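Working notes, beginning with the structure itself.
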Amino acid sequence: MDGGSVKETPAQRALAEHANSLMADYRQRLLPVQQRMIEATKTMGLEGSSTREAATGRAAADVEGRFGQAEQKLQSGLASGGAGVGSSKGKLALGGLSLDKAAAKGQSVSISDQAVTNAYMQGLSNIAALGRGERAQVNTGLAAQADMSAQQAAQDASLSLSSRMGNAQLAGQAVGLGFSKAMTPSGEAKPPAGINGGSYLPNSLRGQANY
Amino acid sequence: MPSGNLSAMSAASKPSASKTYAALTRQQWADYVSTYVPLENKMIEFATDRTQPAKAMAAASENVSDAFAMQEGDFQRRLQGLGTTLTADEQAAQTRAAGLSKSLADVQAQNIAGSQTRELQYGLMGAASPNVAAKAAQAGA
């Protein structure tokens with residue numbers, strides 16, 4: 001405990017140094033990659049993005065290809081049935097096929113655009129899951145090993161989260177072990193860490209006069 | 001908590017393990033807030049935006065209109081390529097068929113876009129989308 005009566009062991013200090021090294025490594029190597037992934041995902045979701053253009057173009061090309069083959073078969077069928085493409089029957093058949101193609105293309109393009117939106121949201125969701133892991137680590141991993149000063153950080157974090165999200169479930173997850181350690185058996189939250197490893201309480205908080 | 005402080009602290013004053021952990025916790029929280037919270041907010045914004053299904057439906061309708069507009073000219077050029085044109089009666093029949101076909105495609109595309117967007121919104125909020133159509137079918141059966 002820092003500043004308290006219990007000295008930290010060399011092993012505790014070594015673990016802390018190791019955690020520090022891990023964090024430095026994460027920030028140097030992995031965080032930039034994550035940030036690039038975030039940027040790529042956000043760019044993909046933009047209206048008129050190259051991903052959307054490619055998806056809708058591919059959808060339209062697929063429809064063209066399929067209906068091109070259908071039209072050839074239709075013309076063959078008309079010819080073998082004795083009706084040329086210049087006949088009324090032939091023209092209306094081609095017209096019907098053309099309308100079907102337009103309907104298919106409109107829907108196919110819409111669905112592919114929707115698929116990009118789905119992929120975009122899935123990408124955000126995956127990245128946010130990484131963040132939730134980090135957030136959980138804040139509150140369960142490091143905070144569990146730290147003393148009261150770390151618990152204070154976790155409390156700050158959970159309070160900030162609560163005010164930002166206003167979501168009881170998320171706040172509950174975020175509070176995690178760090179907050180539960182700060183709870184007294186009666187369920188009341190301890191005050192922020194002070195001197196003597198957090199055990200010191202001003203008299204005013206203990207219901208006693210300061211003297 | 002800036003990383004610079006942490007490194008400086010490690011090198012210079014040999015901080016206690018508890019202080020190091022505390023600084024790491026704060027740093028990790030700061031990373032989370034700056035990197036991931038904006039993404040979560042973006043997802044929340046999408047999931048709770050009641051206008052999103054209508055926007056998707058409008059976009060789908062526009063896609064269908066564009067496809068039919070292009071197809072009309074394409075069909076005329078195709079006929080010309082085959083050395084034929086539509087008579088007035090055939091043109092009228094084609095126009096009627098086009099109107100009906102476009103209306104049906106428009107409605108269908110809008111329905112699909114609207115329901116998919118609502119499903120996505122529900123999915124982001126962690127809930128299954130209420131399957132109104134299936135329930136209505138069950139009630140009618």
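Order determines the names: the first chain of the structure tokens is A, the second B, and so forth; residues in each chain are numbered 1 upward, and ligands are numbered 1 upward as they are shown.
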
6 Å contacts from chain B to chain A using only C-alpha atoms, as a short mmCIF file (atom, residue, chain, number, x, y, z; two decimals) with N, CA and C atoms, in the first residue's frame:
```cif
data_model
loop_
_atom_site.label_atom_id
_atom_site.label_comp_id
_atom_site.auth_asym_id
_atom_site.auth_seq_id
_atom_site.Cartn_x
_atom_site.Cartn_y
_atom_site.Cartn_z
N ALA B 17 3.85 0.33 -6.87
CA ALA B 17 3.03 -0.49 -7.78
C ALA B 17 1.61 0.02 -7.81
N SER B 18 1.12 0.44 -6.67
CA SER B 18 -0.27 0.89 -6.63
C SER B 18 -0.48 2.14 -7.47
N TYR B 21 -0.42 1.14 -11.12
CA TYR B 21 -1.70 0.55 -11.53
C TYR B 21 -2.78 1.61 -11.68
N ALA B 22 -2.76 2.54 -10.76
CA ALA B 22 -3.78 3.60 -10.82
C ALA B 22 -3.63 4.42 -12.09
N THR B 25 -4.77 2.40 -15.04
CA THR B 25 -6.24 2.34 -15.08
C THR B 25 -6.80 3.61 -15.68
N ARG B 26 -6.26 4.73 -15.24
CA ARG B 26 -6.76 6.01 -15.77
C ARG B 26 -6.44 6.13 -17.25
N TYR B 32 -10.24 4.42 -23.71
CA TYR B 32 -11.60 3.95 -23.99
C TYR B 32 -12.51 5.12 -24.34
N TYR B 36 -13.32 4.63 -28.14
CA TYR B 36 -14.48 3.76 -28.32
C TYR B 36 -15.82 4.43 -28.02
N ALA B 60 -34.54 3.26 -50.94
CA ALA B 60 -34.94 2.09 -51.73
C ALA B 60 -35.89 2.50 -52.85
N ASN B 63 -33.97 4.05 -55.55
CA ASN B 63 -33.25 3.04 -56.34
C ASN B 63 -34.16 2.39 -57.38
N VAL B 64 -35.38 2.08 -56.94
CA VAL B 64 -36.34 1.45 -57.86
C VAL B 64 -36.71 2.42 -58.98
N ALA B 67 -33.91 2.64 -61.42
CA ALA B 67 -33.80 1.42 -62.23
C ALA B 67 -34.85 1.43 -63.34
N PHE B 68 -36.08 1.83 -63.01
CA PHE B 68 -37.13 1.83 -64.03
C PHE B 68 -36.91 2.94 -65.06
N GLN B 71 -34.31 1.68 -67.32
CA GLN B 71 -34.77 0.54 -68.10
C GLN B 71 -35.65 0.97 -69.28
N THR B 84 -37.00 -2.70 -84.61
CA THR B 84 -38.45 -2.62 -84.45
C THR B 84 -38.80 -1.54 -83.43
N ALA B 105 -42.73 -3.16 -57.26
CA ALA B 105 -41.30 -3.21 -56.88
C ALA B 105 -40.99 -2.14 -55.84
N ALA B 109 -39.58 -3.06 -52.25
CA ALA B 109 -38.25 -2.58 -51.86
C ALA B 109 -38.33 -1.75 -50.58
#
```

**Request:** May I ask which of the residues B:Gln52, B:Ser103, B:Ser61, B:Thr20 is the closest one to B:Gln121, counting only C-alpha atoms?
**Result:** B:Gln52

**Message:** Just want the 9 Å neighbourhood of B:Gln76, counted on only C-alpha atoms, with same-chain residues fewer than 4 positions away dropped. Output as a ChimeraX atom specification.
**Reply:** /B:71-72,80-81,85-86

Keeping only C-alpha atoms, write the selected residues to a file as a PDB file, in the first residue's frame.
```
ATOM      1  CA  GLN B  71     -34.769   0.542 -68.099  1.00  0.00           C
ATOM      2  CA  GLU B  72     -37.293   2.502 -70.130  1.00  0.00           C
ATOM      3  CA  GLN B  80     -34.263  -0.099 -82.096  1.00  0.00           C
ATOM      4  CA  GLY B  81     -31.279  -2.404 -82.167  1.00  0.00           C
ATOM      5  CA  THR B  85     -40.535  -0.177 -82.381  1.00  0.00           C
ATOM      6  CA  LEU B  86     -43.691  -0.390 -80.326  1.00  0.00           C
TER       7      LEU B  86
END
```

**Item:** atom CA of B:Asp74 to atom CA of A:Glu71, straight-line distance in Å
**Value:**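 Answer for the atom CA of A:Glu71 to atom CA of B:Asp74 separation: 13.3 Å.
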
**Request:** Determine the nearest neighbour of B:Glu119 from the options B:Ala47, B:Ala69, B:Val33, B:Leu82, counting only C-alpha atoms.
**Result:**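 Nearest to B:Glu119: B:Ala47.
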